[in-house]
Structures are given as structure tokens and as C-alpha cells.
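**Student:** Here it is, the structure in full.
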Amino acid sequence: MARASLDKDPADVAAMFDDVGKRYDRTNSVMTFGFDRRWRFITGRVLDARPGEKVLDLAAGTGVSTEEYSRSGAWCVAADFSLGMLRGGSHRKVPKVAADALRLPFADSSFDAVTISFGIRNFVDTRAALVEIARVVKPGGRLVVCEMSTPTFPPIRFVYRKVMLPLLTWVGRRVSSNPDAYVYLFESALTWPNQRRLAEIIADSGWRGVEWMNLMFGAVAIHRAWKPGDDPAARRLTA
């Protein structure tokens, strides 16, 4: 199958991920030198899921993050448009739903929070997906997005784009069952909006109080926002 680009039908991207589901978690750990676990942990702290809450983990892949968030006592469901990825996490005892981010199969105001880790840049229409996500979140509910971003220090940004991303792409091609999927992932990172621009897109989609925190000098960033409604007892993001 030809490598997917940002212009292609989402079905092409889903097909690529179908092929990598079984080895996806291990490949990610190898390629990130284990930092993926740290990023999930920090994202979980920002999400701050609590017992009795309902959390949608969108673009959840194999559900590794869903499983971690559910340890808080919240009811967490993994949703992804790739059946292969969901099957790759069949051993995880969390609810799983095949879902398109643009047409979520949930009622209005179903969730206290929605989180997306390294998946939002795969949506064919980011703004439309954020509007749809807001539909299924309760007033005052929260959105937490962890995604690759833009290093803020120019020398680090240069090394990241010219050395690290090509290196990770090279590694991905050799350890993945579908090399095209990892070429796509890292090429999409080069065209993805920086932290401020993504915050603007989130705000333009109807969310408020958008804030972000940089990890790895900005190579990864966590954004958080709130659906208009009851004022939540929000904490500012801290490192």
C-alpha cells in the first residue's frame, strides 16, 4: 500500500494502522526510548480523572492509555477508527468502540472528559473533530490533547527536524510491521501546527481556557481546554 499523506482518505490511514496494531506498543517504546510511558503518566495527571467520571480516550489505539487512566477509578472507554489497533489491545480489560472522530457514536454530554494522545493529527478535519468532541462532553467538561509539537529553542528545533525525526523514521521502518505507517507519522509531524496555532484551533472550535505545557523542549506538548458551562475547579498546568 502506498504511503498515506495528509490529503488522503482516512480509510487509507486506518488501513495502515490496522497492520501495525499487534506490535504498536512495543515499537513506540523502542522508538521513543521509553519516554512514551512518561508522556502517558503526565497526560494522566493533567487529565486528573476521578472515580465516578466517564472518560473517552479517543484515537486510543490498543488502549494502553485507556487502561492507565482507568486506574483512577473513572470509567474509561477506548475509541479508535482502526479495528486492527483495537484488536491489538484485546487483552486489555477496558471497553473498546470503533469510532470516527467526526461522527462519534455517543449521545450529547456523555463524558466528563475526552483525551487524545498522538492521534489528533490523523483526523482529516481537526476543527470539525473538536466540535464533534465538544458535543459529547458535558458543560464544564475538559479536553486533554498530547501530541508531537514544535521545539521552542531554534537549535533544538533544527536538530529535531533534521536529525531526530529522520532517525526515528529510519528506526520505525526497520522495527514496524508496516514501515509506511511510521513514515506517515513523522512526515505528518513536520506539517503539524505549533503549540500556539493548535491552541487557536481548539479555541476556534468552541473550547475555552486553552492552555498548554511543553515536554521534551516542546517536541511534545499537552493542551488542555474546557467546554463552556459550569466553572470547573481547574488547576493551571505545571511541569
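Letters A, B, ... go to the chains of the C-alpha cells in the order shown; residues in each chain start at 1; ligands are counted from 1 in the same order.
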Write out as an MDAnalysis selection string all residues of region 58-142 of chain A that backbone DSSP assigns to strand (DSSP E).
**Tutor:** chainID A and resid 58 75:80 96:98 111:117 137:142
**Student:** When you look at Phe153 (chain A) with a cut-off of 12 Å (counting only C-alpha atoms), what residues show up, excluding the ones that are within fewer than 2 positions of it in the same chain? I need them as an MDAnalysis selection string.
**Tutor:** chainID A and resid 150:151 155:160 214 216:219
**Student:** May I ask for the distance between CA of Leu47 (chain A) and CA of Pro228 (chain A), given in Å to one decimal place?
**Tutor:**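 Answer for the CA of Leu47 (chain A) to CA of Pro228 (chain A) separation: 17.2 Å.
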**Student:** Which residues are close to Leu198 (chain A), i.e. within 12 Å by only C-alpha atoms, leaving aside same-chain residues fewer than 6 positions away? Reply as a ChimeraX atom specification.
**Tutor:** /A:120-121,126-127,130,145-150,191-192,204-205,207,210-212,221-225
**Student:** Do you have the CA of Phe35 (chain A)-CA of Gly209 (chain A) distance handy?
**Tutor:** 27.8 Å
**Student:** Please report the interatomic distance between CA of Pro193 (chain A) and CA of Asp125 (chain A) in Å with one decimal.
**Tutor:**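 Answer for the CA of Pro193 (chain A) to CA of Asp125 (chain A) separation: 13.2 Å.
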**Student:** Taking into account only C-alpha atoms, which residue in the set A:His91, A:Arg40, A:Arg71, A:Arg161 is nearest to Glu53 (chain A)?
**Tutor:**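 Of all the options, A:Arg71 lies closest to Glu53 (chain A).
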**Student:** What are the closest atom pairs, with distances in Å to one decimal, for each residue of region 74-97 of chain A lying within 10 Å of region 104-113 of chain A, using only C-alpha atoms, rows by chain and rising residue number, as JSON lines?
**Tutor:**
{"residue": "A:Ala74", "atom": "CA", "partner": "A:Asp112", "partner_atom": "CA", "distance": 9.7}
{"residue": "A:Trp75", "atom": "CA", "partner": "A:Phe111", "partner_atom": "CA", "distance": 9.6}
{"residue": "A:Cys76", "atom": "CA", "partner": "A:Phe111", "partner_atom": "CA", "distance": 9.4}
{"residue": "A:Ala79", "atom": "CA", "partner": "A:Leu104", "partner_atom": "CA", "distance": 9.1}
{"residue": "A:Val97", "atom": "CA", "partner": "A:Pro105", "partner_atom": "CA", "distance": 8.7}
**Student:** Going by DSSP on the backbone, which residues of region 6-190 of chain A come out as helix (DSSP H, G or I)? List them as a PyMOL selection string.
**Tutor:** chain A and resi 10-31+35-47+64-70+83-88+120-122+126-136+154-175+179-190
**Student:** Need to verify the contact set: Lys96 (chain A), 7 Å, only C-alpha atoms, exclusion of same-chain residues closer than 5 positions in sequence. Can you return it as a PyMOL selection string?
**Tutor:** chain A and resi 77-79+86
